[in-house]
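Asker: Sending over a structure as structure tokens; questions will come in a sec.
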There are 2 protein chains.
Amino acid sequence: MNIKDVAALAGVSPATVSRCLNNTGPLNEVTRARIEKVVELTGYDVNQAFKQVDWNHNPTIGVMIPSLLNPVFSEIVSGIQKRARHFGYSVIVVDTQYERSLEKQAIIDLIRQRVAGVILTTASVEDNEALSLLREFNFPFCLVHNQSSDEPCVYVDNYQAGSEVAEQFLALEHKRIGMVAGRFQSSDRAKQRYLGFTECLKKDSSLSSVQLVEVDQYALTPFDQTQSSLFDSSSAPTAWFCSNDLLALKLVNHLKTKGVLVPETVSVVGFDGMALGQILYPPLATIQVPHHDMGLCAVDLLFNAKHKSALSLARKLDYQTHFVGTVAECQPSIMRNVL
Amino acid sequence: MNIKDVAALAGVSPATVSRCLNNTGPLNEVTRARIEKVVELTGYDVNQAFKQVDWNHNPTIGVMIPSLLNPVFSEIVSGIQKRARHFGYSVIVVDTQYERSLEKQAIIDLIRQRVAGVILTTASVEDNEALSLLREFNFPFCLVHNQSSDEPCVYVDNYQAGSEVAEQFLALEHKRIGMVAGRFQSSDRAKQRYLGFTECLKKDSSLSSVQLVEVDQYALTPFDQTQSSLFDSSSAPTAWFCSNDLLALKLVNHLKTKGVLVPETVSVVGFDGMALGQILYPPLATIQVPHHDMGLCAVDLLFNAKHKSALSLARKLDYQTHFVGTVAECQPSIMRNVL
DNA sequence: TTGTAGGCGTTATCAT
DNA sequence: ATGATAACGCCTACAA
């Protein structure tokens, strides 16, 4: 049963049937009724294989993230998914397992899938092949957690947030301060947090320099010998800023194992505000980042990149970061959107 | 520039060009070289709009889960994604936000997307519209965490796991024992865990009956008045089995807030073995479920549902659950696969 | 190994 | 305003 058969049974031309089925062009009500009846009776279904696909409207968004195992990104994807569905879009997810080398191929695969656009978080925006590809093809995209001055992206002001943590530490009159961060090369965000943190600490000239511990961020293994000694020595910092919540929990674990009380003796602050940190006792001190909302926002910005329309939506939502946990409340650092 | 032009320039028929471009059918090496040269010189690109899409091989797997915010499911999706990519497949993810009413539409959307198959976790397999739909259309699918006697599914033996927790509690000579679980109606797994748990406890006739606390599983809010009183009374259980790790953490939080020591005074055991539970101090006692591997397995079973071939793959992997954490090691409960 | 011809749904164009 | 026709680009069964 094909469109010609239906046309014959309805006593019209195939073109008329097509117009009826696709609601394109004018149509006599009587004719429409006759055609619809035939379609219903015969159970005719257009042969998708021969349908000219409207590649310009494949209602699917491609998402590329480092890992779904990090709550940060599953929260983002969750937000993307929610807003995408609101617009009738599906979501294809690809994780790169923090492998920069996989990013390019992942983007190629997504483009091949003819997604309408791509939302992505990369290790770094510098010398990024995946990003170059998107730009070269003029493919709609939106960065999350990465920054670009003239392209759609949604991020928090990591520098500012870092300095706010520093403010807290100064207010608590800590004298020995340290930071634990993932390797800067695999996360430009961590570096910004570090810069804002150290810069602000310079206000107090009596402080010795900040102890920096760079670790392989996503290994859930314990700290190695060298790192441990930095945490355990008698002159170790009494306040640690960790570049993400997982590191913070790892550090808290390490300290507690050594009998050190957190937060009574040593302060530890994380970054992300993952939900799990708040069902612990005591709750993890952290910078709350609205990852879910960032996901929502990314979808709006992506669409905006094609047809300017979602700007107002982004404005309506109250995107902010704020301190929660055992240390203190603190002024929110604003999440900036570049449009 | 169309295929006919290329054919003319290469001095062959359009069919030959098509065969060359799609690697279908035999082809003379000389002819191939000539055609490829013409394609290169003219920069010819097939007109996608007229390409007959091979809907039978849309290399995409649809995944429907309750929520990406639960680490259990993001781990599963991560595994699915990994194995899918290994086979050159992409993954479309839909979460239902634990809304049973959204399941049917989610499946319809996935089928409309012409995914090759669907991997899903439902609230319950009883009277399930989404499942009926898949069966009706004879659509390839694989259940995760749900059970079916004659359809592809991957799950752990919740009954057995529950009884193993009971064994541990008996070995530790607890006399007052309780269980905290999400509403059974929204998780048939939780009910199985409960049944196995209580059944095993009957071995010790001196025990009073198990205190059951049913809660709204996914609310991250504290326990209400009624529930709290069950945890805090002087005759409250000294050992609690929670139907998942999030509940366990919530309970530990509650107890610690009240000054109760865990695990010294009260034992709490969770279920899932989410990675985060193990970077806490002390680590959360739990039943480890290999969610990532279950994701891998689900992909194999899905493919197996179409072309019997992946069975051996599933066998090679060492799917097991085992105890980790502060309570004890314990015999593994086997994860069973139905093929 | 290669060519021929027929088939698909959409849409531009033409005819009422 | 409404309906008919033909061309479009590709794939593929079948013939040579």
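Each chain in the structure tokens gets a letter, A, B, ..., in the order shown, and its residues are numbered from 1; ligands are numbered from 1 in order too.
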Would you give me, as JSON lines, each residue of chain B having an atom within 8 Å of an atom of chain A, along with its shortest atom pair and that distance in Å to one decimal, using only C-alpha atoms and sorting by chain and residue number?

Answerer:
```
{"residue": "B:Gln48", "atom": "CA", "partner": "A:Val53", "partner_atom": "CA", "distance": 7.9}
{"residue": "B:Ala49", "atom": "CA", "partner": "A:Gln52", "partner_atom": "CA", "distance": 5.2}
{"residue": "B:Phe50", "atom": "CA", "partner": "A:Gln52", "partner_atom": "CA", "distance": 5.7}
{"residue": "B:Lys51", "atom": "CA", "partner": "A:Gln52", "partner_atom": "CA", "distance": 7.7}
{"residue": "B:Gln52", "atom": "CA", "partner": "A:Ala49", "partner_atom": "CA", "distance": 5.2}
{"residue": "B:Val53", "atom": "CA", "partner": "A:Ala49", "partner_atom": "CA", "distance": 5.2}
{"residue": "B:Asp54", "atom": "CA", "partner": "A:Ala49", "partner_atom": "CA", "distance": 6.6}
{"residue": "B:Trp55", "atom": "CA", "partner": "A:Ala49", "partner_atom": "CA", "distance": 6.8}
{"residue": "B:Ser67", "atom": "CA", "partner": "A:Ser78", "partner_atom": "CA", "distance": 7.7}
{"residue": "B:Leu68", "atom": "CA", "partner": "A:Ser78", "partner_atom": "CA", "distance": 5.8}
{"residue": "B:Leu69", "atom": "CA", "partner": "A:Glu75", "partner_atom": "CA", "distance": 5.9}
{"residue": "B:Pro71", "atom": "CA", "partner": "A:Pro71", "partner_atom": "CA", "distance": 7.2}
{"residue": "B:Ser74", "atom": "CA", "partner": "A:Leu68", "partner_atom": "CA", "distance": 5.9}
{"residue": "B:Glu75", "atom": "CA", "partner": "A:Leu69", "partner_atom": "CA", "distance": 5.8}
{"residue": "B:Val77", "atom": "CA", "partner": "A:Leu68", "partner_atom": "CA", "distance": 7.7}
{"residue": "B:Ser78", "atom": "CA", "partner": "A:Leu68", "partner_atom": "CA", "distance": 5.8}
{"residue": "B:Gln81", "atom": "CA", "partner": "A:Val94", "partner_atom": "CA", "distance": 7.0}
{"residue": "B:Ser90", "atom": "CA", "partner": "A:Ile92", "partner_atom": "CA", "distance": 7.1}
{"residue": "B:Val91", "atom": "CA", "partner": "A:Ile92", "partner_atom": "CA", "distance": 5.6}
{"residue": "B:Ile92", "atom": "CA", "partner": "A:Ile92", "partner_atom": "CA", "distance": 4.3}
{"residue": "B:Val93", "atom": "CA", "partner": "A:Val91", "partner_atom": "CA", "distance": 6.0}
{"residue": "B:Val94", "atom": "CA", "partner": "A:Gln81", "partner_atom": "CA", "distance": 7.0}
{"residue": "B:Asp95", "atom": "CA", "partner": "A:Gln81", "partner_atom": "CA", "distance": 7.7}
{"residue": "B:Leu220", "atom": "CA", "partner": "A:Ile279", "partner_atom": "CA", "distance": 7.5}
{"residue": "B:Leu249", "atom": "CA", "partner": "A:Leu280", "partner_atom": "CA", "distance": 6.6}
{"residue": "B:Lys250", "atom": "CA", "partner": "A:Ile279", "partner_atom": "CA", "distance": 5.8}
{"residue": "B:Val252", "atom": "CA", "partner": "A:Tyr281", "partner_atom": "CA", "distance": 7.7}
{"residue": "B:Asn253", "atom": "CA", "partner": "A:Tyr281", "partner_atom": "CA", "distance": 4.9}
{"residue": "B:His254", "atom": "CA", "partner": "A:Tyr281", "partner_atom": "CA", "distance": 8.0}
{"residue": "B:Lys256", "atom": "CA", "partner": "A:Tyr281", "partner_atom": "CA", "distance": 6.7}
{"residue": "B:Thr257", "atom": "CA", "partner": "A:Tyr281", "partner_atom": "CA", "distance": 7.0}
{"residue": "B:Ile279", "atom": "CA", "partner": "A:Lys250", "partner_atom": "CA", "distance": 5.7}
{"residue": "B:Leu280", "atom": "CA", "partner": "A:Asn253", "partner_atom": "CA", "distance": 5.5}
{"residue": "B:Tyr281", "atom": "CA", "partner": "A:Asn253", "partner_atom": "CA", "distance": 4.9}
{"residue": "B:Pro282", "atom": "CA", "partner": "A:Asn253", "partner_atom": "CA", "distance": 7.6}
```

Asker: Would you save the residues of that selection, restricted to C-alpha atoms, as a tab-separated table (two decimals), in the first residue's frame?

Answerer:
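Output (selection-v1.tsv):
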```
chain	number	residue	atom	x	y	z
B	48	GLN	CA	21.03	13.51	1.93
B	49	ALA	CA	17.46	14.61	1.44
B	50	PHE	CA	16.97	11.95	-1.18
B	51	LYS	CA	18.99	9.27	0.47
B	52	GLN	CA	16.87	6.33	1.43
B	53	VAL	CA	17.39	6.10	5.15
B	54	ASP	CA	18.12	2.63	6.41
B	55	TRP	CA	15.78	2.74	9.36
B	67	SER	CA	16.17	9.92	37.04
B	68	LEU	CA	19.67	10.90	36.08
B	69	LEU	CA	20.13	12.52	39.45
B	71	PRO	CA	23.86	7.87	40.85
B	74	SER	CA	23.86	7.56	35.85
B	75	GLU	CA	26.22	4.66	36.47
B	77	VAL	CA	23.73	4.91	31.61
B	78	SER	CA	27.48	5.34	31.70
B	81	GLN	CA	27.04	4.41	26.71
B	90	SER	CA	24.77	6.26	20.15
B	91	VAL	CA	22.54	6.63	23.16
B	92	ILE	CA	19.39	8.70	23.57
B	93	VAL	CA	18.45	9.23	27.20
B	94	VAL	CA	15.04	10.03	28.61
B	95	ASP	CA	14.29	10.31	32.29
B	220	LEU	CA	16.00	14.70	50.10
B	249	LEU	CA	22.98	8.35	54.36
B	250	LYS	CA	19.88	10.23	55.38
B	252	VAL	CA	23.06	8.13	59.35
B	253	ASN	CA	22.75	11.89	59.17
B	254	HIS	CA	19.66	11.83	61.36
B	256	LYS	CA	24.45	11.51	64.14
B	257	THR	CA	22.46	14.68	64.60
B	279	ILE	CA	34.88	8.01	50.05
B	280	LEU	CA	33.16	8.87	53.29
B	281	TYR	CA	34.64	8.19	56.70
B	282	PRO	CA	33.66	5.79	57.89
```

Asker: Could you please select, counting only C-alpha atoms (C1' of nucleotides), the residues of chain B within 12 Å of chain C and state them as a VMD selection string?

Answerer: chain B and resid 7 11 to 17 19 to 20 25 to 32 49 to 53

Asker: DSSP on the backbone, alpha helix (DSSP H) only: what residues of region 93-263 of chain B does that give? Format it as a VMD selection string.

Answerer: chain B and resid 100 to 112 129 to 136 158 to 171 188 to 201 225 to 232 245 to 257

Asker: With C-alpha atoms kept, could you save the residues just selected as a PDB file, in the first residue's frame?

Answerer:
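Saved to result_30.pdb:
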```pdb
ATOM      1  CA  ARG B 100       4.887   6.440  35.919  1.00  0.00           C
ATOM      2  CA  SER B 101       2.536   8.482  33.785  1.00  0.00           C
ATOM      3  CA  LEU B 102       5.413   9.733  31.658  1.00  0.00           C
ATOM      4  CA  GLU B 103       6.735   6.301  30.799  1.00  0.00           C
ATOM      5  CA  LYS B 104       4.402   5.512  27.939  1.00  0.00           C
ATOM      6  CA  GLN B 105       4.995   8.750  26.092  1.00  0.00           C
ATOM      7  CA  ALA B 106       8.735   8.418  26.611  1.00  0.00           C
ATOM      8  CA  ILE B 107       8.721   5.030  24.921  1.00  0.00           C
ATOM      9  CA  ILE B 108       6.571   6.331  22.084  1.00  0.00           C
ATOM     10  CA  ASP B 109       9.047   9.137  21.539  1.00  0.00           C
ATOM     11  CA  LEU B 110      11.942   6.716  21.459  1.00  0.00           C
ATOM     12  CA  ILE B 111      10.218   4.446  18.970  1.00  0.00           C
ATOM     13  CA  ARG B 112       9.435   7.478  16.819  1.00  0.00           C
ATOM     14  CA  GLU B 129       1.691   0.481  29.482  1.00  0.00           C
ATOM     15  CA  ALA B 130       5.185   1.260  28.282  1.00  0.00           C
ATOM     16  CA  LEU B 131       6.108  -2.392  28.396  1.00  0.00           C
ATOM     17  CA  SER B 132       2.879  -3.427  26.694  1.00  0.00           C
ATOM     18  CA  LEU B 133       3.686  -1.051  23.884  1.00  0.00           C
ATOM     19  CA  LEU B 134       7.105  -2.572  23.330  1.00  0.00           C
ATOM     20  CA  ARG B 135       5.677  -6.059  23.373  1.00  0.00           C
ATOM     21  CA  GLU B 136       2.855  -5.138  21.025  1.00  0.00           C
ATOM     22  CA  ASN B 158      17.224  -8.571  45.700  1.00  0.00           C
ATOM     23  CA  TYR B 159      15.619 -11.232  47.834  1.00  0.00           C
ATOM     24  CA  GLN B 160      18.929 -13.006  48.304  1.00  0.00           C
ATOM     25  CA  ALA B 161      20.770  -9.766  48.978  1.00  0.00           C
ATOM     26  CA  GLY B 162      18.209  -8.822  51.578  1.00  0.00           C
ATOM     27  CA  SER B 163      18.647 -12.106  53.350  1.00  0.00           C
ATOM     28  CA  GLU B 164      22.408 -11.688  53.342  1.00  0.00           C
ATOM     29  CA  VAL B 165      22.055  -8.425  55.191  1.00  0.00           C
ATOM     30  CA  ALA B 166      19.876 -10.234  57.681  1.00  0.00           C
ATOM     31  CA  GLU B 167      22.589 -12.869  58.121  1.00  0.00           C
ATOM     32  CA  GLN B 168      25.064 -10.151  58.987  1.00  0.00           C
ATOM     33  CA  PHE B 169      22.761  -8.595  61.525  1.00  0.00           C
ATOM     34  CA  LEU B 170      22.171 -11.965  63.141  1.00  0.00           C
ATOM     35  CA  ALA B 171      25.888 -12.658  63.227  1.00  0.00           C
ATOM     36  CA  ASP B 188       9.284  -3.614  43.271  1.00  0.00           C
ATOM     37  CA  ARG B 189      12.990  -4.086  44.059  1.00  0.00           C
ATOM     38  CA  ALA B 190      12.666  -2.585  47.504  1.00  0.00           C
ATOM     39  CA  LYS B 191       9.905  -5.020  48.271  1.00  0.00           C
ATOM     40  CA  GLN B 192      12.017  -8.017  47.275  1.00  0.00           C
ATOM     41  CA  ARG B 193      14.816  -6.797  49.517  1.00  0.00           C
ATOM     42  CA  TYR B 194      12.364  -6.504  52.356  1.00  0.00           C
ATOM     43  CA  LEU B 195      10.951  -9.967  51.844  1.00  0.00           C
ATOM     44  CA  GLY B 196      14.336 -11.649  51.761  1.00  0.00           C
ATOM     45  CA  PHE B 197      15.413  -9.664  54.778  1.00  0.00           C
ATOM     46  CA  THR B 198      12.446 -10.501  56.967  1.00  0.00           C
ATOM     47  CA  GLU B 199      12.285 -14.105  55.874  1.00  0.00           C
ATOM     48  CA  CYS B 200      15.862 -14.736  56.909  1.00  0.00           C
ATOM     49  CA  LEU B 201      15.389 -13.005  60.246  1.00  0.00           C
ATOM     50  CA  GLN B 225       8.042  13.585  63.135  1.00  0.00           C
ATOM     51  CA  THR B 226       6.495  10.154  63.067  1.00  0.00           C
ATOM     52  CA  GLN B 227       9.443   8.556  61.387  1.00  0.00           C
ATOM     53  CA  SER B 228      11.974  10.272  63.609  1.00  0.00           C
ATOM     54  CA  SER B 229      10.322   8.941  66.712  1.00  0.00           C
ATOM     55  CA  LEU B 230      10.842   5.407  65.429  1.00  0.00           C
ATOM     56  CA  PHE B 231      14.556   6.001  65.115  1.00  0.00           C
ATOM     57  CA  ASP B 232      14.998   7.867  68.367  1.00  0.00           C
ATOM     58  CA  ASP B 245      22.246   4.252  49.865  1.00  0.00           C
ATOM     59  CA  LEU B 246      20.597   7.653  49.790  1.00  0.00           C
ATOM     60  CA  LEU B 247      18.176   6.582  52.488  1.00  0.00           C
ATOM     61  CA  ALA B 248      21.039   5.108  54.463  1.00  0.00           C
ATOM     62  CA  LEU B 249      22.983   8.351  54.357  1.00  0.00           C
ATOM     63  CA  LYS B 250      19.883  10.227  55.377  1.00  0.00           C
ATOM     64  CA  LEU B 251      19.412   7.921  58.319  1.00  0.00           C
ATOM     65  CA  VAL B 252      23.056   8.135  59.352  1.00  0.00           C
ATOM     66  CA  ASN B 253      22.750  11.891  59.174  1.00  0.00           C
ATOM     67  CA  HIS B 254      19.662  11.826  61.359  1.00  0.00           C
ATOM     68  CA  LEU B 255      21.235   9.543  63.946  1.00  0.00           C
ATOM     69  CA  LYS B 256      24.452  11.512  64.140  1.00  0.00           C
ATOM     70  CA  THR B 257      22.463  14.679  64.601  1.00  0.00           C
TER      71      THR B 257
END
```

Asker: Counting only C-alpha atoms (C1' of nucleotides), collect the residues of chain D whose closest atom lies at most 8 Å from chain A, and write them out as a count of residues only.

Answerer: 4

Asker: Based on DSSP run over this structure's backbone, return all residues of region 127-220 of chain A in strand (DSSP E), as number ranges by chain.

Answerer: A: 141-144, 153-156, 177-182, 211-215

Asker: I need the chosen residues saved as a compact mmCIF listing (two decimals), in the first residue's frame, with C-alpha atoms.

Answerer:
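Contents of the output file again15.txt:
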```txt
# COMPACT_ATOMS: atom_id res chain seq x y z
CA PHE A 141 26.63 24.91 20.02
CA CYS A 142 26.66 26.07 23.61
CA LEU A 143 29.46 25.61 26.10
CA VAL A 144 28.80 24.66 29.71
CA CYS A 153 28.19 29.59 26.99
CA VAL A 154 26.96 29.22 30.53
CA TYR A 155 29.36 29.22 33.43
CA VAL A 156 29.94 30.47 36.92
CA ILE A 177 45.79 27.98 54.04
CA GLY A 178 45.93 25.45 51.23
CA MET A 179 44.20 24.37 48.08
CA VAL A 180 43.64 20.93 46.58
CA ALA A 181 42.86 20.92 42.89
CA GLY A 182 42.65 18.62 39.93
CA GLN A 211 49.99 25.43 49.74
CA LEU A 212 48.89 23.96 46.40
CA VAL A 213 48.26 20.24 45.98
CA GLU A 214 47.50 19.14 42.45
CA VAL A 215 46.00 15.67 42.18
```

Asker: Quick one, how far is CA of Leu207 (chain A) from CA of Ser186 (chain A)?

Answerer: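 Spanning CA of Leu207 (chain A) to CA of Ser186 (chain A) is a straight-line distance of 28.8 Å.
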
Asker: Figure out the distance between CA of Asn146 (chain B) and CA of Phe184 (chain B), please, to one decimal in Å.

Answerer: 13.4 Å
